[in-house]
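Novice: Input structure: coords-v2.cif, which contains mmCIF, C-alpha atoms and all ligand atoms.
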data_query
loop_
_atom_site.group_PDB
_atom_site.id
_atom_site.type_symbol
_atom_site.label_atom_id
_atom_site.label_comp_id
_atom_site.auth_asym_id
_atom_site.auth_seq_id
_atom_site.Cartn_x
_atom_site.Cartn_y
_atom_site.Cartn_z
ATOM 1 C CA MET A 184 21.123 1.662 48.857
ATOM 2 C CA ALA A 185 21.166 0.686 45.210
ATOM 3 C CA SER A 186 24.040 -1.604 44.379
ATOM 4 C CA VAL A 187 26.682 0.121 42.318
ATOM 5 C CA LYS A 188 29.493 -1.988 40.938
ATOM 6 C CA SER A 189 32.839 -0.560 41.952
ATOM 7 C CA ILE A 190 35.764 -0.218 39.557
ATOM 8 C CA VAL A 191 38.149 -1.230 42.321
ATOM 9 C CA PRO A 192 38.495 -4.971 41.463
ATOM 10 C CA GLU A 193 39.459 -4.038 37.885
ATOM 11 C CA PHE A 194 42.069 -1.592 39.168
ATOM 12 C CA GLU A 195 43.553 -4.169 41.492
ATOM 13 C CA ALA A 196 43.813 -6.734 38.677
ATOM 14 C CA ALA A 197 45.402 -4.185 36.321
ATOM 15 C CA ASN A 198 47.886 -3.150 38.987
ATOM 16 C CA GLN A 199 48.959 -6.742 39.593
ATOM 17 C CA LYS A 200 49.914 -6.940 35.905
ATOM 18 C CA TYR A 201 51.712 -3.583 36.036
ATOM 19 C CA ALA A 202 53.688 -4.465 39.160
ATOM 20 C CA ALA A 203 54.617 -7.912 37.789
ATOM 21 C CA SER A 204 56.876 -6.346 35.141
ATOM 22 C CA PHE A 205 57.778 -3.155 37.037
ATOM 23 C CA THR A 206 61.355 -1.948 36.542
ATOM 24 C CA LYS A 207 61.210 1.691 37.713
ATOM 25 C CA GLY A 208 61.781 1.067 41.399
ATOM 26 C CA SER A 209 64.973 3.115 41.757
ATOM 27 C CA LEU A 210 64.001 6.457 40.214
ATOM 28 C CA PRO A 211 65.022 9.619 42.089
ATOM 29 C CA LEU A 212 62.275 11.832 43.569
ATOM 30 C CA PRO A 213 62.968 15.017 41.523
ATOM 31 C CA PRO A 214 61.558 14.872 37.971
ATOM 32 C CA GLY A 215 64.354 13.937 35.549
ATOM 33 C CA ARG A 216 63.214 16.309 32.802
ATOM 34 C CA LYS A 217 62.688 19.184 35.276
ATOM 35 C CA VAL A 218 59.284 20.157 33.933
ATOM 36 C CA ILE A 219 55.756 20.804 35.199
ATOM 37 C CA VAL A 220 52.927 19.952 32.832
ATOM 38 C CA LEU A 221 49.705 21.698 33.882
ATOM 39 C CA VAL A 222 46.847 20.023 32.053
ATOM 40 C CA CYS A 223 43.069 19.558 32.202
ATOM 41 C CA MET A 224 41.753 16.455 33.952
ATOM 42 C CA ASP A 225 39.679 15.539 30.864
ATOM 43 C CA ALA A 226 39.653 11.749 30.471
ATOM 44 C CA ARG A 227 40.508 11.963 26.764
ATOM 45 C CA LEU A 228 43.947 13.461 27.423
ATOM 46 C CA ASP A 229 46.812 11.148 28.351
ATOM 47 C CA PRO A 230 49.694 13.546 29.072
ATOM 48 C CA ALA A 231 52.306 10.787 29.253
ATOM 49 C CA LYS A 232 51.346 9.430 25.837
ATOM 50 C CA LEU A 233 50.767 12.730 24.063
ATOM 51 C CA LEU A 234 54.073 14.219 25.274
ATOM 52 C CA GLY A 235 56.242 11.097 25.419
ATOM 53 C CA LEU A 236 56.707 11.077 29.188
ATOM 54 C CA GLU A 237 57.908 8.142 31.262
ATOM 55 C CA GLU A 238 57.770 7.499 34.989
ATOM 56 C CA GLY A 239 60.162 9.887 36.733
ATOM 57 C CA ASP A 240 60.157 12.514 33.958
ATOM 58 C CA ALA A 241 57.740 15.271 34.990
ATOM 59 C CA HIS A 242 55.287 16.696 37.483
ATOM 60 C CA VAL A 243 51.907 16.439 35.797
ATOM 61 C CA ILE A 244 49.426 18.693 37.623
ATOM 62 C CA ARG A 245 45.831 18.072 36.613
ATOM 63 C CA ASN A 246 42.614 19.842 37.505
ATOM 64 C CA ALA A 247 39.375 20.904 35.808
ATOM 65 C CA GLY A 248 40.506 23.079 32.910
ATOM 66 C CA GLY A 249 44.228 22.874 33.698
ATOM 67 C CA ARG A 250 43.862 26.186 35.531
ATOM 68 C CA ALA A 251 46.900 27.886 37.065
ATOM 69 C CA ALA A 252 45.063 29.423 40.030
ATOM 70 C CA ASP A 253 44.167 25.911 41.174
ATOM 71 C CA ALA A 254 47.749 24.659 40.739
ATOM 72 C CA LEU A 255 49.857 27.246 42.579
ATOM 73 C CA ARG A 256 50.406 25.163 45.700
ATOM 74 C CA SER A 257 51.820 22.299 43.621
ATOM 75 C CA VAL A 258 53.877 24.631 41.384
ATOM 76 C CA VAL A 259 55.660 26.179 44.379
ATOM 77 C CA ILE A 260 56.369 22.748 45.893
ATOM 78 C CA SER A 261 57.652 21.466 42.538
ATOM 79 C CA GLN A 262 59.944 24.446 41.935
ATOM 80 C CA GLN A 263 61.200 25.060 45.455
ATOM 81 C CA LEU A 264 61.657 21.494 46.636
ATOM 82 C CA LEU A 265 61.978 19.335 43.530
ATOM 83 C CA GLY A 266 63.884 21.457 41.035
ATOM 84 C CA THR A 267 61.528 21.869 38.078
ATOM 85 C CA ARG A 268 62.565 24.749 35.804
ATOM 86 C CA GLU A 269 60.006 24.886 33.009
ATOM 87 C CA ILE A 270 56.192 24.880 32.775
ATOM 88 C CA VAL A 271 53.958 23.690 29.958
ATOM 89 C CA VAL A 272 50.248 24.599 30.137
ATOM 90 C CA ILE A 273 47.819 22.480 28.092
ATOM 91 C CA HIS A 274 44.118 23.228 27.683
ATOM 92 C CA HIS A 275 42.053 21.496 24.994
ATOM 93 C CA THR A 276 39.239 21.697 22.468
ATOM 94 C CA ASP A 277 35.748 20.658 23.611
ATOM 95 C CA CYS A 278 36.680 21.337 27.254
ATOM 96 C CA GLY A 279 33.842 21.000 29.751
ATOM 97 C CA MET A 280 34.944 24.301 31.287
ATOM 98 C CA LEU A 281 33.517 26.041 28.201
ATOM 99 C CA THR A 282 30.026 24.660 28.882
ATOM 100 C CA PHE A 283 29.013 26.420 32.116
ATOM 101 C CA THR A 284 29.504 29.599 34.101
ATOM 102 C CA ASP A 285 30.584 29.728 37.718
ATOM 103 C CA SER A 286 27.227 31.233 38.715
ATOM 104 C CA GLU A 287 25.337 28.408 36.955
ATOM 105 C CA LEU A 288 27.308 25.769 38.844
ATOM 106 C CA LYS A 289 26.868 27.602 42.130
ATOM 107 C CA SER A 290 23.094 27.676 41.507
ATOM 108 C CA LYS A 291 23.084 23.943 40.726
ATOM 109 C CA VAL A 292 24.969 23.146 43.938
ATOM 110 C CA ARG A 293 22.522 25.270 45.914
ATOM 111 C CA LYS A 294 19.565 23.474 44.316
ATOM 112 C CA ASP A 295 20.873 19.876 44.298
ATOM 113 C CA LEU A 296 22.911 19.803 47.516
ATOM 114 C CA ASN A 297 21.248 22.602 49.419
ATOM 115 C CA GLU A 298 24.740 23.935 50.102
ATOM 116 C CA ASP A 299 26.621 27.124 49.327
ATOM 117 C CA ALA A 300 29.667 26.912 47.013
ATOM 118 C CA ASP A 301 30.108 30.677 46.711
ATOM 119 C CA HIS A 302 33.590 30.521 48.234
ATOM 120 C CA ILE A 303 34.879 28.337 45.362
ATOM 121 C CA ALA A 304 36.170 29.856 42.124
ATOM 122 C CA PHE A 305 35.325 27.162 39.575
ATOM 123 C CA LEU A 306 37.418 29.005 36.953
ATOM 124 C CA SER A 307 35.199 28.216 33.967
ATOM 125 C CA PHE A 308 36.022 30.096 30.743
ATOM 126 C CA LYS A 309 34.440 31.169 27.459
ATOM 127 C CA ASP A 310 37.534 31.626 25.267
ATOM 128 C CA LEU A 311 39.892 28.664 25.013
ATOM 129 C CA LYS A 312 42.968 30.430 23.618
ATOM 130 C CA GLN A 313 42.518 33.310 26.067
ATOM 131 C CA SER A 314 42.276 30.862 28.979
ATOM 132 C CA VAL A 315 45.761 29.559 28.123
ATOM 133 C CA LEU A 316 47.148 33.106 27.821
ATOM 134 C CA ASP A 317 45.495 34.080 31.116
ATOM 135 C CA ASP A 318 47.061 31.124 32.923
ATOM 136 C CA ILE A 319 50.539 31.815 31.489
ATOM 137 C CA SER A 320 50.157 35.441 32.563
ATOM 138 C CA LEU A 321 48.963 34.491 36.050
ATOM 139 C CA LEU A 322 52.026 32.253 36.518
ATOM 140 C CA LYS A 323 54.447 34.841 35.093
ATOM 141 C CA LYS A 324 53.084 37.597 37.330
ATOM 142 C CA ASN A 325 53.002 35.568 40.543
ATOM 143 C CA PRO A 326 56.088 36.402 42.649
ATOM 144 C CA LEU A 327 56.020 32.879 44.126
ATOM 145 C CA VAL A 328 56.603 31.361 40.677
ATOM 146 C CA LEU A 329 60.150 31.337 39.256
ATOM 147 C CA ASP A 330 60.989 33.376 36.153
ATOM 148 C CA ILE A 331 61.367 30.394 33.818
ATOM 149 C CA PRO A 332 60.097 29.391 30.357
ATOM 150 C CA ILE A 333 56.314 28.851 30.215
ATOM 151 C CA THR A 334 54.744 27.543 27.017
ATOM 152 C CA GLY A 335 51.013 27.171 26.341
ATOM 153 C CA TYR A 336 49.185 24.775 24.034
ATOM 154 C CA VAL A 337 45.695 23.796 22.990
ATOM 155 C CA TYR A 338 45.377 20.027 22.521
ATOM 156 C CA ASP A 339 42.939 19.009 19.807
ATOM 157 C CA VAL A 340 40.848 16.052 21.011
ATOM 158 C CA LYS A 341 39.993 15.193 17.369
ATOM 159 C CA THR A 342 43.571 14.945 16.045
ATOM 160 C CA GLY A 343 45.722 14.326 19.129
ATOM 161 C CA LYS A 344 47.885 17.335 18.168
ATOM 162 C CA ILE A 345 49.044 20.158 20.426
ATOM 163 C CA ASN A 346 48.987 23.644 18.914
ATOM 164 C CA LYS A 347 51.077 26.387 20.488
ATOM 165 C CA VAL A 348 49.203 29.425 21.812
ATOM 166 C CA GLU A 349 50.900 32.747 21.314
ATOM 167 C CA ALA A 350 49.674 36.167 22.399
HETATM 168 ZN ZN ZN A 401 38.956 20.105 29.931
#
Written as structure tokens, how would this file's structure read?

Specialist:
Amino acid sequence: MASVKSIVPEFEAANQKYAASFTKGSLPLPPGRKVIVLVCMDARLDPAKLLGLEEGDAHVIRNAGGRAADALRSVVISQQLLGTREIVVIHHTDCGMLTFTDSELKSKVRKDLNEDADHIAFLSFKDLKQSVLDDISLLKKNPLVLDIPITGYVYDVKTGKINKVEA
């Protein structure tokens, strides 16, 4: 096997520094600001920094695209067991989810891995604003999700600003 240098030693060194000055050891389990932030996993977005969140503040649920269908399990746990009462959905400009279709990715998996991924909805999208509206709508319509405020934004990776999405 070709030798690939692991990131792990760097993580362990960084964590030693973090833990050395750690002061958040007595936070309660439920998020203090009672909010779920559903956001794309894109490496350029730092939800804590861009929204002013601290440890203990929020449930940040991340997945490819920040898609609601992929987050339902966590949303129900957060609302039913940990008291969150608001949801903020954040998708972003230049999202990778705009660059492929589900059928293209399924074909690639079939070719490269010789496996079938037909049972997975990859939830790619072609219209960024509409993807936010669709996810708000999916959450609002789902009877397992509480009837609470849900706000959608598009984060601009060029400016660092969030822009509200309204129907
Ligand atoms: Zn993205």

Novice: Could I get the residue neighbourhood of ligand ZN 401 (chain A) at 7 Å, counting all atoms listed in the file, as a PyMOL selection string?

Specialist: chain A and resi 223-225+247-248+274-275+278-280

Novice: Report, in Å with one decimal, the straight-line distance from CA of Lys294 in chain A to CA of Ala226 in chain A.

Specialist: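 Taking CA of Lys294 in chain A as the start and CA of Ala226 in chain A as the end point, the length is 27.1 Å.
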
Novice: Once the PyMOL selection byres (((chain A and resi 203-220) around 10) and not hetatm) has been evaluated on this model, what residues remain selected, and can you format them as a PyMOL selection string?

Specialist: chain A and resi 198-202+221-223+230-231+234+236-245+249+257-258+261-262+264-273+332-335

Novice: Quick one: write out the picked residues with C-alpha atoms as an mmCIF file, in the frame of the given file?

Specialist:
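The result, stored in selection.cif:
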data_model
loop_
_atom_site.group_PDB
_atom_site.id
_atom_site.type_symbol
_atom_site.label_atom_id
_atom_site.label_comp_id
_atom_site.auth_asym_id
_atom_site.auth_seq_id
_atom_site.Cartn_x
_atom_site.Cartn_y
_atom_site.Cartn_z
ATOM 1 C CA ASN A 198 47.886 -3.150 38.987
ATOM 2 C CA GLN A 199 48.959 -6.742 39.593
ATOM 3 C CA LYS A 200 49.914 -6.940 35.905
ATOM 4 C CA TYR A 201 51.712 -3.583 36.036
ATOM 5 C CA ALA A 202 53.688 -4.465 39.160
ATOM 6 C CA LEU A 221 49.705 21.698 33.882
ATOM 7 C CA VAL A 222 46.847 20.023 32.053
ATOM 8 C CA CYS A 223 43.069 19.558 32.202
ATOM 9 C CA PRO A 230 49.694 13.546 29.072
ATOM 10 C CA ALA A 231 52.306 10.787 29.253
ATOM 11 C CA LEU A 234 54.073 14.219 25.274
ATOM 12 C CA LEU A 236 56.707 11.077 29.188
ATOM 13 C CA GLU A 237 57.908 8.142 31.262
ATOM 14 C CA GLU A 238 57.770 7.499 34.989
ATOM 15 C CA GLY A 239 60.162 9.887 36.733
ATOM 16 C CA ASP A 240 60.157 12.514 33.958
ATOM 17 C CA ALA A 241 57.740 15.271 34.990
ATOM 18 C CA HIS A 242 55.287 16.696 37.483
ATOM 19 C CA VAL A 243 51.907 16.439 35.797
ATOM 20 C CA ILE A 244 49.426 18.693 37.623
ATOM 21 C CA ARG A 245 45.831 18.072 36.613
ATOM 22 C CA GLY A 249 44.228 22.874 33.698
ATOM 23 C CA SER A 257 51.820 22.299 43.621
ATOM 24 C CA VAL A 258 53.877 24.631 41.384
ATOM 25 C CA SER A 261 57.652 21.466 42.538
ATOM 26 C CA GLN A 262 59.944 24.446 41.935
ATOM 27 C CA LEU A 264 61.657 21.494 46.636
ATOM 28 C CA LEU A 265 61.978 19.335 43.530
ATOM 29 C CA GLY A 266 63.884 21.457 41.035
ATOM 30 C CA THR A 267 61.528 21.869 38.078
ATOM 31 C CA ARG A 268 62.565 24.749 35.804
ATOM 32 C CA GLU A 269 60.006 24.886 33.009
ATOM 33 C CA ILE A 270 56.192 24.880 32.775
ATOM 34 C CA VAL A 271 53.958 23.690 29.958
ATOM 35 C CA VAL A 272 50.248 24.599 30.137
ATOM 36 C CA ILE A 273 47.819 22.480 28.092
ATOM 37 C CA PRO A 332 60.097 29.391 30.357
ATOM 38 C CA ILE A 333 56.314 28.851 30.215
ATOM 39 C CA THR A 334 54.744 27.543 27.017
ATOM 40 C CA GLY A 335 51.013 27.171 26.341
#

Novice: For a quick check of your reading of the model, name the residues lying within 10 Å of the coordinate (33.5, 26.0, 30.3), counting only C-alpha atoms, and write them as number ranges by chain.

Specialist: A: 247-248, 277-285, 305-311

Novice: For CA of Leu316 in chain A and CA of Ala304 in chain A, quote the distance in Å rounded to one decimal.

Specialist: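 CA of Leu316 in chain A sits 18.3 Å away from CA of Ala304 in chain A.
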
Novice: Taking the file as I've supplied it (selection: the PyMOL selection byres (((chain A and resi 342-348) around 9) and not hetatm)), which residues are included? Please answer as a count of residues only.

Specialist: 18

Novice: In Å, how far is it from CA of Leu321 in chain A to CA of Ala251 in chain A?

Specialist: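 Atom-to-atom, CA of Leu321 in chain A to CA of Ala251 in chain A, that is 7.0 Å.
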
Novice: Please, which residues are within 12 Å of (51.0, 35.1, 41.1) by the file's coordinates, counting all atoms listed in the file, and could they come as a PyMOL selection string?

Specialist: chain A and resi 251-256+258-259+317-330

Novice: Write the selection just made, keeping C-alpha atoms, as a PDB file, keeping the file's coordinate frame?

Specialist:
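Result file out.pdb:
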ATOM      1  CA  ALA A 251      46.900  27.886  37.065  1.00  0.00           C
ATOM      2  CA  ALA A 252      45.063  29.423  40.030  1.00  0.00           C
ATOM      3  CA  ASP A 253      44.167  25.911  41.174  1.00  0.00           C
ATOM      4  CA  ALA A 254      47.749  24.659  40.739  1.00  0.00           C
ATOM      5  CA  LEU A 255      49.857  27.246  42.579  1.00  0.00           C
ATOM      6  CA  ARG A 256      50.406  25.163  45.700  1.00  0.00           C
ATOM      7  CA  VAL A 258      53.877  24.631  41.384  1.00  0.00           C
ATOM      8  CA  VAL A 259      55.660  26.179  44.379  1.00  0.00           C
ATOM      9  CA  ASP A 317      45.495  34.080  31.116  1.00  0.00           C
ATOM     10  CA  ASP A 318      47.061  31.124  32.923  1.00  0.00           C
ATOM     11  CA  ILE A 319      50.539  31.815  31.489  1.00  0.00           C
ATOM     12  CA  SER A 320      50.157  35.441  32.563  1.00  0.00           C
ATOM     13  CA  LEU A 321      48.963  34.491  36.050  1.00  0.00           C
ATOM     14  CA  LEU A 322      52.026  32.253  36.518  1.00  0.00           C
ATOM     15  CA  LYS A 323      54.447  34.841  35.093  1.00  0.00           C
ATOM     16  CA  LYS A 324      53.084  37.597  37.330  1.00  0.00           C
ATOM     17  CA  ASN A 325      53.002  35.568  40.543  1.00  0.00           C
ATOM     18  CA  PRO A 326      56.088  36.402  42.649  1.00  0.00           C
ATOM     19  CA  LEU A 327      56.020  32.879  44.126  1.00  0.00           C
ATOM     20  CA  VAL A 328      56.603  31.361  40.677  1.00  0.00           C
ATOM     21  CA  LEU A 329      60.150  31.337  39.256  1.00  0.00           C
ATOM     22  CA  ASP A 330      60.989  33.376  36.153  1.00  0.00           C
TER      23      ASP A 330
END

Novice: Which residue, A:Lys289, A:Ile331, A:Ser314, A:Ala197, has the smallest gap to Arg250 in chain A when you use only C-alpha atoms?

Specialist: A:Ser314
